[in-house]
Amino acid sequence: MTLMNPERAMTPLRKAAEAAEDASGLRAEIIRGVLMMSPTPRGKHAGIISDLYDQLRPALPSHLRPFQVASVPLPDDPDDYATPDLLICDAGFGESDEWLADPGDVEMVVEVVSKGNSTKDTRDMVAWYADAGIPTYLLVDPRDGTWTLYSVPRDGEYQARRHGLYGEDIEVPGLGVKVATGSLARYA
């Protein structure tokens, strides 16, 4: 596990993000220099995250672990960081006092599309996670019961994309993990 540089977290924009998060109770992220605030996931959204966590935790190799409410920075940027719904990285992260997981230690991120937020997860974050070099990005969309698995990041784009419907299992490349989607909730 790589430890993050503690000075990264001290920029004025990051301080503003922390203050906004503390004052509002919302989740803060800085994406491409823009402070974004998101509410805590609600019922079905949170349930999907829990279902995915429950499937992934026992199936992962022992050196990897899923984490909720953990953030990953954009390499070589003093401000940008994202907080995916689920992040899979080196298990040692759970023993650290860090709030940022080193992107080089992250194997996969998972985002569940919020009922009212279509472009952040489906467009903006695809490029952001590719720029960060995250090997695999799983996007679950309960609005229409679909999922998209992005992999092989290069030059700010994912080179491989697999799209499917709820009910079709997702085989995650590089992790040897299969995720069942048949019981995932859909928004009304």
# chains A, B, ... in the order shown; residues from 1 in each chain; ligands from 1
call {"tool": "closest_atom_pairs", "arguments": {"of": "stretch 57-115 of chain A", "to": "stretch 166-184 of chain A", "cutoff": "12 Å", "atoms": "only C-alpha atoms", "output": "tab-separated table"}}
result
residue	atom	partner	partner_atom	distance
A:Arg57	CA	A:Val177	CA	10.2
A:Pro58	CA	A:Val177	CA	9.9
A:Ala59	CA	A:Val177	CA	6.2
A:Leu60	CA	A:Val177	CA	6.8
A:Pro61	CA	A:Leu175	CA	7.7
A:Ser62	CA	A:Leu175	CA	11.3
A:His63	CA	A:Leu175	CA	11.1
A:Leu64	CA	A:Leu175	CA	9.3
A:Arg65	CA	A:Leu175	CA	11.3
A:Ile88	CA	A:Leu175	CA	10.1
A:Cys89	CA	A:Leu175	CA	11.0
A:Val106	CA	A:Leu175	CA	11.7
A:Glu107	CA	A:Leu175	CA	8.1
A:Met108	CA	A:Val172	CA	9.0
A:Val109	CA	A:Val172	CA	11.3
A:Val110	CA	A:Val172	CA	11.5
A:Val112	CA	A:Leu184	CA	10.8
call {"tool": "residues_around", "arguments": {"residues": "A:Tyr187", "least_positions_apart": "6", "cutoff": "8 Å", "atoms": "only C-alpha atoms", "output": "PyMOL selection string"}}
result
chain A and resi 44+115+142-144
call {"tool": "select_by_dssp", "arguments": {"residues": "chain A", "states": "strand (DSSP E)", "output": "MDAnalysis selection string"}}
result
chainID A and resid 27:31 34:38 64:67 72:73 81:82 86:90 106:112 136:141 146:154 157:165 170:172 177:179
call {"tool": "residues_around", "arguments": {"residues": "A:Pro73", "least_positions_apart": "2", "cutoff": "7 Å", "atoms": "only C-alpha atoms", "output": "ChimeraX atom specification"}}
result
/A:71,75,80-82,100,103
call {"tool": "atom_distance", "arguments": {"atom1": "atom CA of A:Ala46", "atom2": "atom CA of A:Thr146"}}
result
16.8 Å
call {"tool": "select_by_dssp", "arguments": {"residues": "chain A", "states": "alpha helix (DSSP H)", "output": "ChimeraX atom specification"}}
result
/A:12-24,43-59,119,125-131
call {"tool": "atom_distance", "arguments": {"atom1": "atom CA of A:Ser151", "atom2": "atom CA of A:His45"}}
result
23.2 Å
call {"tool": "closest_residue", "arguments": {"among": "A:Leu138, A:Leu13, A:Val69, A:Ala185", "to": "A:Asp85", "atoms": "only C-alpha atoms"}}
result
A:Val69
call {"tool": "atom_distance", "arguments": {"atom1": "atom CA of A:Gly104", "atom2": "atom CA of A:Tyr158"}}
result
16.2 Å
